[in-house]
Amino acid sequence: MSNIIECRSLSFSYIDGNNQTSVLNNLNFEVELGDSIAILGQSGCGKSTLLNLIAGLDSPSEGDVLINNINIAKLNEKDRTELRSNNFGFVYQFHHLLNDFSSIYNVALPLLIRGDNKESAILNSKKILTKVGLENRLNHNPSELSGGERQRVAIARAMVTEPACILADEPTGNLDAKNAKDVLELILELNENNTTSLLIVTHDLSIANKMNRKLTLSNSKLVDI
Ligand SMILES: Nc1ncnc2c1ncn2[C@@H]1O[C@H](COP(=O)(O)OP(=O)(O)O)[C@@H](O)[C@H]1O
Ligand SMILES: [Mg+2]
């Protein structure tokens, strides 16, 4: 199996004036194609920092992050953005949808950005929004949707490009138990052929238990549990 993500001796510290906060220390960690992994750990232990490094939004203090065998920190900004959008779909705790755009356009946007023609982008956006049960909310803006519906649009947007890997940072943290369960089921359903790897940060053990691997981040180290 090939690795979509490989972290080698990865360390990261935030430096603020004379203060250095070590958050990750010498992590070695791989995500294979088709893996599903939950990352657990107390608030503040560095989970979001780790996802940011994997996405190339921050650069390691030491060590390397390889995405499809490419060292993301060594790329220029343009190539890094391209590598990121070619490989990842992102789901956050808060939906980060564009407020002035309808569900259709929010979901079509990553397709338009990568150069799909408008007609096919809209068609694929409608298809996936129908799959997530929002066929009657295609023209609604985020402010006209419930929290659970917004998160379903966000998941459709993350998965419409059929990315190699979903990076989800507490995707259900802002939802009640019922909506949280629905959202996870949806991610798993859209990934029915396991073609997309999942890396999900969560506090929810019922979600973590549905992944193939569970890791906990504690004292700057990742450990299998
Ligand atoms: N920009 C920053 N500057 C300094 N310290 C930061 C910054 N962002 C996060 N931190 C610190 O790094 C640690 C890890 O943060 P984070 O990765 O957000 O944790 P988690 O996602 O596990 O809750 C925390 O102690 C946090 O206070
Ligand atoms: Mg976090």
# chains A, B, ... in the order shown; residues from 1 in each chain; ligands from 1
call {"tool": "select_by_dssp", "arguments": {"residues": "range 6-222 of chain A", "states": "helix (DSSP H, G or I)", "output": "ChimeraX atom specification"}}
result
/A:47-54,72-74,77-87,103-113,118-131,142-144,147-159,177-190,205-208
call {"tool": "closest_atom_pairs", "arguments": {"of": "chain A", "to": "ligand 1", "cutoff": "7 Å", "atoms": "only C-alpha atoms and all ligand atoms", "output": "Markdown table"}}
result
| residue | atom | partner | partner_atom_place_in_ligand_line | distance |
| --- | --- | --- | --- | --- |
| A:Tyr14 | CA | ligand 1 | 4 (C) | 4.9 |
| A:Ile15 | CA | ligand 1 | 4 (C) | 6.6 |
| A:Asp16 | CA | ligand 1 | 4 (C) | 6.4 |
| A:Thr21 | CA | ligand 1 | 5 (N) | 6.5 |
| A:Val23 | CA | ligand 1 | 13 (C) | 5.6 |
| A:Gly41 | CA | ligand 1 | 22 (O) | 6.5 |
| A:Gln42 | CA | ligand 1 | 22 (O) | 6.2 |
| A:Ser43 | CA | ligand 1 | 23 (O) | 3.7 |
| A:Gly44 | CA | ligand 1 | 19 (O) | 3.4 |
| A:Cys45 | CA | ligand 1 | 22 (O) | 4.0 |
| A:Gly46 | CA | ligand 1 | 17 (O) | 3.2 |
| A:Lys47 | CA | ligand 1 | 22 (O) | 3.7 |
| A:Ser48 | CA | ligand 1 | 21 (O) | 3.7 |
| A:Thr49 | CA | ligand 1 | 17 (O) | 3.7 |
| A:Leu50 | CA | ligand 1 | 17 (O) | 6.5 |
call {"tool": "closest_residue", "arguments": {"among": "A:Ala164, A:Leu66, A:Leu27, A:Lys127", "to": "Thr196 in chain A", "atoms": "only C-alpha atoms"}}
result
A:Ala164
call {"tool": "atom_distance", "arguments": {"atom1": "CA of Glu149 in chain A", "atom2": "CA of Tyr105 in chain A"}}
result
15.1 Å
call {"tool": "select_by_dssp", "arguments": {"residues": "range 6-87 of chain A", "states": "strand (DSSP E)", "output": "PyMOL selection string"}}
result
chain A and resi 6-16+19-32+36-40+62-67+70-71
call {"tool": "residues_around", "arguments": {"residues": "Leu10 in chain A", "least_positions_apart": "5", "cutoff": "9 Å", "atoms": "only C-alpha atoms", "output": "list of chain:residue names"}}
result
A:Leu24, A:Asn25, A:Asn26, A:Leu27, A:Asn28, A:Phe29, A:Pro60, A:Ser61, A:Glu62, A:Gly63, A:Asp64, A:Val65
call {"tool": "residues_around", "arguments": {"residues": "His96 in chain A", "least_positions_apart": "3", "cutoff": "12 Å", "atoms": "only C-alpha atoms", "output": "PyMOL selection string"}}
result
chain A and resi 90-93+99-101+106-107+142-143+147+150-155+157-158+171
call {"tool": "residues_around", "arguments": {"residues": "Ile39 in chain A", "least_positions_apart": "6", "cutoff": "6 Å", "atoms": "only C-alpha atoms", "output": "count of residues only"}}
result
3
call {"tool": "residues_around", "arguments": {"residues": "His203 in chain A", "least_positions_apart": "2", "cutoff": "8 Å", "atoms": "only C-alpha atoms", "output": "list in words"}}
result
Leu40, Gly41, Glu170, Gly173, Val201, Leu205 and Ala208 of chain A
call {"tool": "closest_residue", "arguments": {"among": "A:Phe88, A:Lys78, A:Ser220, A:Ile225", "to": "Ser11 in chain A", "atoms": "only C-alpha atoms"}}
result
A:Ser220
call {"tool": "closest_residue", "arguments": {"among": "A:Lys131, A:Lys178, A:Arg8, A:Lys118", "to": "Ser206 in chain A", "atoms": "only C-alpha atoms"}}
result
A:Lys178
call {"tool": "atom_distance", "arguments": {"atom1": "CA of Ser13 in chain A", "atom2": "CA of Glu77 in chain A"}}
result
21.6 Å
call {"tool": "closest_residue", "arguments": {"among": "A:Asp204, A:Asp224, A:Asp182, A:Asp169", "to": "ligand 2", "atoms": "only C-alpha atoms and all ligand atoms"}}
result
A:Asp169
